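Next comes my_file-v2.cif, a file with mmCIF, C-alpha atoms.
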data_model
#
loop_
_atom_site.label_atom_id
_atom_site.label_comp_id
_atom_site.auth_asym_id
_atom_site.auth_seq_id
_atom_site.Cartn_x
_atom_site.Cartn_y
_atom_site.Cartn_z
CA MET K 26 -55.55 152.46 -92.57
CA LYS K 27 -56.03 148.81 -91.68
CA LEU K 28 -58.42 146.86 -93.90
CA GLU K 29 -60.35 143.72 -93.04
CA THR K 30 -58.69 140.34 -92.60
CA LYS K 31 -59.63 137.48 -94.92
CA GLU K 32 -61.65 135.91 -92.09
CA GLU K 33 -63.60 139.15 -91.57
CA LEU K 34 -64.28 139.44 -95.30
CA GLU K 35 -65.53 135.87 -95.47
CA LYS K 36 -67.85 136.51 -92.52
CA GLU K 37 -69.33 139.54 -94.30
CA LEU K 38 -69.70 137.46 -97.46
CA THR K 39 -71.67 134.83 -95.54
CA ILE K 40 -74.12 137.53 -94.38
CA ILE K 41 -74.62 138.72 -97.96
CA GLU K 42 -75.14 135.17 -99.23
CA LYS K 43 -77.82 134.64 -96.55
CA TRP K 44 -79.51 137.83 -97.75
CA GLU K 45 -79.40 136.55 -101.33
CA LYS K 46 -81.00 133.29 -100.25
CA ASP K 47 -83.75 135.17 -98.43
CA GLN K 48 -84.47 137.18 -101.61
CA LYS K 49 -85.37 134.02 -103.45
CA GLY K 50 -88.54 133.77 -101.38
CA LEU K 51 -91.46 136.06 -102.11
CA TRP K 52 -94.17 137.06 -99.68
CA PHE K 53 -97.70 136.19 -100.79
CA TRP K 54 -98.81 139.81 -100.73
CA GLU K 55 -95.92 140.70 -103.04
CA ARG K 56 -97.12 138.02 -105.46
CA ILE K 57 -100.68 139.34 -105.60
CA GLY K 58 -99.33 142.89 -105.56
CA ARG K 59 -98.20 142.42 -109.17
CA ILE K 60 -101.64 141.44 -110.46
CA PRO K 61 -103.65 144.72 -110.68
CA PHE K 62 -101.48 146.55 -113.21
CA LYS K 63 -101.45 143.51 -115.47
CA LEU K 64 -105.23 143.28 -115.34
CA LEU K 65 -105.68 147.01 -115.84
CA ASP K 66 -103.04 147.39 -118.53
CA LYS K 67 -105.61 147.95 -121.28
CA LEU K 68 -107.42 150.47 -119.10
CA THR K 69 -104.31 152.53 -118.35
CA PRO K 70 -104.76 156.04 -119.74
CA ASP K 71 -102.82 156.90 -122.90
CA PHE K 72 -100.80 159.63 -121.20
CA ILE K 73 -99.36 157.10 -118.72
CA GLN K 74 -98.60 154.65 -121.54
CA LYS K 75 -96.79 157.43 -123.38
CA LYS K 76 -94.81 158.26 -120.24
CA LEU K 77 -93.72 154.62 -120.04
CA GLY K 78 -92.59 154.86 -123.64
CA VAL K 79 -90.42 157.85 -122.76
CA MET K 80 -88.93 155.89 -119.86
CA LEU K 81 -87.97 153.08 -122.26
CA ASP K 82 -85.95 155.54 -124.32
CA GLU K 83 -84.41 157.13 -121.23
CA ILE K 84 -83.16 153.81 -119.81
CA GLY K 85 -81.73 152.97 -123.22
CA SER K 86 -79.92 156.31 -123.28
CA TYR K 87 -78.67 155.78 -119.73
CA ILE K 88 -77.11 152.43 -120.59
CA GLN K 89 -75.43 153.81 -123.70
CA ASN K 90 -74.06 157.12 -122.42
CA GLY K 91 -75.44 157.89 -118.97
CA GLY K 92 -77.86 160.48 -120.31
CA LYS K 93 -79.42 162.90 -117.86
CA TYR K 94 -79.28 160.30 -115.06
CA LEU K 95 -75.48 160.19 -114.77
CA THR K 96 -74.58 161.23 -111.22
CA LYS K 97 -71.66 163.31 -109.98
CA GLU K 98 -69.17 161.56 -107.76
CA ALA K 99 -67.75 164.63 -105.98
CA HIS K 100 -70.45 164.73 -103.29
CA ILE K 101 -70.07 161.04 -102.41
CA LEU K 102 -66.28 161.32 -102.34
CA SER K 103 -66.57 164.27 -99.94
CA GLN K 104 -68.78 162.16 -97.65
CA LEU K 105 -66.20 159.39 -97.65
CA GLN K 106 -63.42 161.89 -97.04
CA ALA K 107 -65.23 163.24 -93.99
CA GLU K 108 -65.31 159.73 -92.54
CA VAL K 109 -61.58 159.11 -93.12
CA PRO K 110 -59.78 162.48 -92.79
CA GLU K 111 -56.43 160.69 -92.48
CA LEU K 112 -56.71 159.55 -96.12
CA ASN K 113 -56.68 161.65 -99.27
CA ILE K 114 -59.76 160.74 -101.30
CA ASN K 115 -59.27 162.55 -104.59
CA GLY K 116 -60.91 160.04 -106.90
CA LEU K 117 -62.49 156.63 -107.21
CA GLU K 118 -59.08 154.97 -107.30
CA ASP K 119 -58.59 156.06 -103.68
CA VAL K 120 -61.86 154.52 -102.46
CA SER K 121 -60.48 150.98 -102.57
CA SER K 122 -58.29 151.78 -99.56
CA ILE K 123 -61.30 152.60 -97.34
CA PRO K 124 -62.50 149.97 -94.80
CA LEU K 125 -65.84 148.31 -95.52
CA HIS K 126 -67.55 149.66 -92.42
CA ILE K 127 -66.95 153.22 -93.67
CA MET K 128 -68.40 152.34 -97.08
CA ASP K 129 -71.36 150.75 -95.30
CA SER K 130 -71.94 153.83 -93.16
CA VAL K 131 -71.99 156.23 -96.11
CA SER K 132 -74.22 153.85 -98.09
CA GLN K 133 -76.71 153.72 -95.22
CA ASP K 134 -76.74 157.54 -95.19
CA ILE K 135 -77.53 157.47 -98.91
CA LYS K 136 -80.35 155.01 -98.25
CA THR K 137 -81.78 157.13 -95.42
CA SER K 138 -81.67 160.43 -97.32
CA GLY K 139 -83.04 158.81 -100.48
CA SER K 140 -85.92 157.20 -98.58
CA LYS K 141 -86.82 160.52 -96.94
CA LEU K 142 -86.80 162.33 -100.28
CA ALA K 143 -88.88 159.57 -101.87
CA THR K 144 -91.41 159.82 -99.02
CA VAL K 145 -91.91 163.54 -99.65
CA GLN K 146 -92.07 162.99 -103.41
CA GLY K 147 -94.62 160.19 -103.08
CA ALA K 148 -96.80 162.28 -100.79
CA THR K 149 -96.62 165.26 -103.14
CA THR K 150 -97.44 163.32 -106.29
CA GLY K 151 -100.15 161.41 -104.43
CA ILE K 152 -102.28 164.53 -104.13
CA GLY K 153 -103.64 164.33 -107.66
CA GLY K 154 -104.26 160.59 -107.86
CA ILE K 155 -103.83 158.95 -111.26
CA PHE K 156 -102.93 162.23 -112.97
CA THR K 157 -99.86 162.87 -110.83
CA LEU K 158 -98.98 159.15 -110.87
CA ALA K 159 -97.76 159.80 -114.43
CA ILE K 160 -95.26 162.24 -112.91
CA ASP K 161 -94.35 160.03 -109.96
CA ILE K 162 -93.28 156.90 -111.91
CA PRO K 163 -90.45 158.52 -113.95
CA LEU K 164 -89.32 160.60 -110.97
CA LEU K 165 -89.03 157.45 -108.88
CA LEU K 166 -87.11 155.72 -111.66
CA GLY K 167 -84.62 158.58 -111.78
CA MET K 168 -84.23 158.53 -108.01
CA SER K 169 -83.69 154.76 -108.09
CA ILE K 170 -80.92 155.02 -110.68
CA LYS K 171 -79.23 157.87 -108.80
CA THR K 172 -79.34 155.92 -105.51
CA LEU K 173 -77.67 152.90 -107.11
CA GLN K 174 -75.02 155.08 -108.78
CA ASP K 175 -74.17 156.80 -105.50
CA ILE K 176 -73.84 153.42 -103.77
CA ALA K 177 -71.63 152.17 -106.62
CA ILE K 178 -69.27 155.11 -106.04
CA THR K 179 -69.27 154.46 -102.29
CA TYR K 180 -67.85 150.98 -102.91
CA GLY K 181 -65.36 152.26 -105.49
CA PHE K 182 -67.13 151.41 -108.77
CA ASN K 183 -67.55 153.91 -111.58
CA PRO K 184 -71.09 154.38 -113.03
CA ARG K 185 -69.52 156.24 -115.95
CA ASP K 186 -68.38 152.82 -117.11
CA ARG K 187 -71.03 151.30 -119.39
CA GLN K 188 -70.51 147.92 -117.76
CA GLU K 189 -71.46 149.41 -114.39
CA ARG K 190 -74.56 151.01 -115.85
CA ILE K 191 -75.65 147.58 -117.09
CA PHE K 192 -75.03 146.25 -113.58
CA ILE K 193 -77.16 149.06 -112.14
CA VAL K 194 -80.07 148.27 -114.48
CA LYS K 195 -79.69 144.61 -113.46
CA CYS K 196 -79.97 145.72 -109.81
CA LEU K 197 -83.21 147.52 -110.70
CA GLN K 198 -84.50 144.35 -112.33
CA PHE K 199 -83.50 142.29 -109.31
CA THR K 200 -85.36 144.52 -106.88
CA THR K 201 -88.59 144.35 -108.88
CA SER K 202 -88.42 140.72 -110.09
CA ASP K 203 -90.34 137.71 -108.87
CA VAL K 204 -88.64 134.73 -107.23
CA VAL K 205 -87.70 133.09 -110.55
CA GLY K 206 -86.32 136.34 -111.89
CA LYS K 207 -84.27 136.99 -108.77
CA LYS K 208 -82.64 133.58 -108.96
CA ALA K 209 -81.70 134.05 -112.62
CA LEU K 210 -80.40 137.57 -112.02
CA LEU K 211 -78.22 136.47 -109.11
CA ASN K 212 -76.55 134.00 -111.46
CA GLU K 213 -76.02 136.73 -114.05
CA LEU K 214 -74.76 139.29 -111.54
CA SER K 215 -72.24 136.81 -110.16
CA LYS K 216 -70.51 136.91 -113.55
CA MET K 217 -69.63 140.54 -112.88
CA ASN K 218 -67.15 139.25 -110.31
CA GLN K 219 -65.28 137.36 -113.03
CA THR K 220 -62.49 139.20 -114.79
CA ASP K 221 -62.53 137.39 -118.14
CA SER K 222 -63.96 139.36 -121.04
CA GLN K 223 -66.22 136.47 -122.11
CA SER K 224 -68.26 136.72 -118.91
CA LYS K 225 -68.67 140.45 -119.36
CA ARG K 226 -69.78 139.99 -122.95
CA GLU K 227 -72.37 137.49 -121.74
CA ILE K 228 -73.73 140.04 -119.24
CA ALA K 229 -74.14 142.63 -121.99
CA SER K 230 -75.83 140.19 -124.36
CA GLU K 231 -78.18 138.95 -121.66
CA LEU K 232 -79.66 142.42 -121.29
CA GLN K 233 -82.23 141.68 -123.97
CA GLY K 234 -83.77 145.12 -123.72
CA TRP K 235 -84.78 147.53 -121.03
CA ARG K 236 -88.51 147.18 -121.70
CA GLU K 237 -88.60 144.33 -119.20
CA VAL K 238 -87.10 146.63 -116.56
CA VAL K 239 -89.69 149.35 -117.04
CA TYR K 240 -92.73 147.09 -117.15
CA THR K 241 -91.54 144.93 -114.25
CA TYR K 242 -90.80 148.17 -112.40
CA ARG K 243 -94.35 149.34 -113.01
CA ASP K 244 -95.95 145.97 -112.19
CA GLN K 245 -94.08 145.85 -108.89
CA PHE K 246 -96.16 148.77 -107.65
CA GLY K 247 -99.26 146.54 -107.83
CA TRP K 248 -102.13 147.35 -105.55
CA LYS K 249 -99.95 149.71 -103.51
CA LYS K 250 -99.66 152.16 -106.39
CA LEU K 251 -103.24 151.43 -107.34
CA LEU K 252 -104.28 153.00 -104.04
CA GLN K 253 -102.24 156.07 -104.89
CA MET K 254 -104.60 156.70 -107.80
CA VAL K 255 -107.24 157.90 -105.35
CA PRO K 256 -106.82 161.69 -104.94
CA VAL K 257 -105.76 162.90 -101.48
CA ALA K 258 -105.72 159.35 -100.04
CA GLY K 259 -102.85 158.79 -102.47
CA ILE K 260 -100.70 161.07 -100.30
CA ILE K 261 -100.35 158.38 -97.64
CA PHE K 262 -99.98 155.46 -100.02
CA GLY K 263 -97.61 157.36 -102.30
CA ALA K 264 -95.34 158.26 -99.40
CA ILE K 265 -95.22 154.70 -98.04
CA THR K 266 -94.73 153.06 -101.44
CA ASN K 267 -91.95 155.37 -102.61
CA ARG K 268 -90.07 155.13 -99.31
CA SER K 269 -90.27 151.33 -99.42
CA MET K 270 -89.18 151.21 -103.07
CA ILE K 271 -86.05 153.30 -102.58
CA ALA K 272 -85.13 151.47 -99.36
CA ASP K 273 -85.39 148.11 -101.15
CA ILE K 274 -83.34 149.33 -104.11
CA ALA K 275 -80.69 150.77 -101.78
CA ASP K 276 -80.48 147.47 -99.88
CA THR K 277 -79.97 145.62 -103.16
CA GLY K 278 -77.23 148.01 -104.25
CA ILE K 279 -75.46 147.86 -100.88
CA MET K 280 -75.45 144.08 -100.75
CA LEU K 281 -74.45 143.43 -104.36
CA TYR K 282 -71.78 146.14 -104.59
CA LYS K 283 -70.40 145.21 -101.19
CA LYS K 284 -70.16 141.60 -102.35
CA ARG K 285 -68.10 142.63 -105.36
CA ARG K 286 -65.77 144.71 -103.22
CA ILE K 287 -65.33 141.83 -100.75
CA LEU K 288 -64.57 139.32 -103.50
CA GLU K 289 -62.00 141.68 -105.01
CA ARG K 290 -60.28 142.08 -101.65
CA ILE K 291 -60.25 138.33 -101.02
CA GLN K 292 -58.68 137.79 -104.45
CA GLU K 293 -56.10 140.58 -104.10
CA PRO K 294 -53.45 138.47 -102.26
CA ILE K 295 -53.79 135.81 -104.96
CA ALA K 296 -53.33 138.39 -107.68
CA LYS K 297 -50.17 139.69 -106.03
CA ASN K 298 -48.54 136.26 -105.73
#

Re-express the file's structure as structure tokens.
Amino acid sequence: MKLETKEELEKELTIIEKWEKDQKGLWFWERIGRIPFKLLDKLTPDFIQKKLGVMLDEIGSYIQNGGKYLTKEAHILSQLQAEVPELNINGLEDVSSIPLHIMDSVSQDIKTSGSKLATVQGATTGIGGIFTLAIDIPLLLGMSIKTLQDIAITYGFNPRDRQERIFIVKCLQFTTSDVVGKKALLNELSKMNQTDSQSKREIASELQGWREVVYTYRDQFGWKKLLQMVPVAGIIFGAITNRSMIADIADTGIMLYKKRRILERIQEPIAKN
């Protein structure tokens, strides 16, 4: 099956770089949206604080060994296979021979299905206000990690690799960071495209701890999640917030994993010479 020309790859790369540039700006309402949880941190009920503590341990476990969040690649590979019946997709090593537009199509399906599931979940957990918010936050975290893992597989990267799990947590950080954080993370993530071991060691050492991920993740909800604390009314706000969150995370995963695949393909002719 014919893959993209170098010119086509460079055109796609330009689109991704424009997206990255756009991410460095932050809408005013997103800025103020981070304030409420910081102000109300001391007022947050103990049971939610304890749930956040559990999430800290779970992200740590995920980075080290995948934990309960590790996804199965068979379903994603079957989706790719259905799109390219002329190829035999038996494992991740076969995904690299799939054209980008097929990878994009399957990734968009993952985004759509994940957003729909998140909408239902947000509406369901919004019924009980602040009490079910304690259930919603870890569920949404798990869904976020699964979405990014599935997208990683779609572009031929293996989330069973610890280095990829670090990249996935970095993607979570990127989605929920402010403008300064996004800029710094883009610089860090670009090192994943380098093959030398020093760059990869730097990426691992720069992950100073996953506490920042969890608390930034929580703060990102801001006033949107605050509204979900109101029983019944939280159904609407929970649905909207969760759908938006998963869609944003999926967009981040698609763009950043696609960029890595493009750069690898551009460098392939050089590697062969």

### Message
Suppose a student applies the PyMOL selection byres ((chain K and resi 139-149) around 8) to this structure; what residues should they get, written as an MDAnalysis selection string?
### Response
chainID K and resid 135:138 150:152 161 165 168 172 259:269 271:272

### Message
Report, in Å with one decimal, the straight-line distance from CA of Thr157 in chain K to CA of Thr200 in chain K.
### Response
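Separation of CA of Thr157 in chain K and CA of Thr200 in chain K: 23.7 Å.
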
### Query
Separation of CA of Val109 in chain K and CA of Ile123 in chain K, in Å?
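A separation of 7.8 Å between them.
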
### Message
Since I can't run it myself right now, could you work out what the PyMOL selection byres ((chain K and resi 99-106) around 8) selects here and report it as a PyMOL selection string?
### Response
chain K and resi 97-98+107-110+112-117+127-128+131+175+178-179

Edge lengths and centre in Å, axis-aligned, range 264-281 of chain K plus 4 Å each side, as AutoDock Vina command-line options:
--center_x -84.9 --center_y 150.8 --center_z -101.2 --size_x 28.9 --size_y 22.8 --size_z 14.3

### Task
Please measure the separation of CA of Arg286 in chain K and CA of Gly181 in chain K, giving the value in Å to one decimal.
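Separating CA of Arg286 in chain K from CA of Gly181 in chain K is a distance of 7.9 Å.
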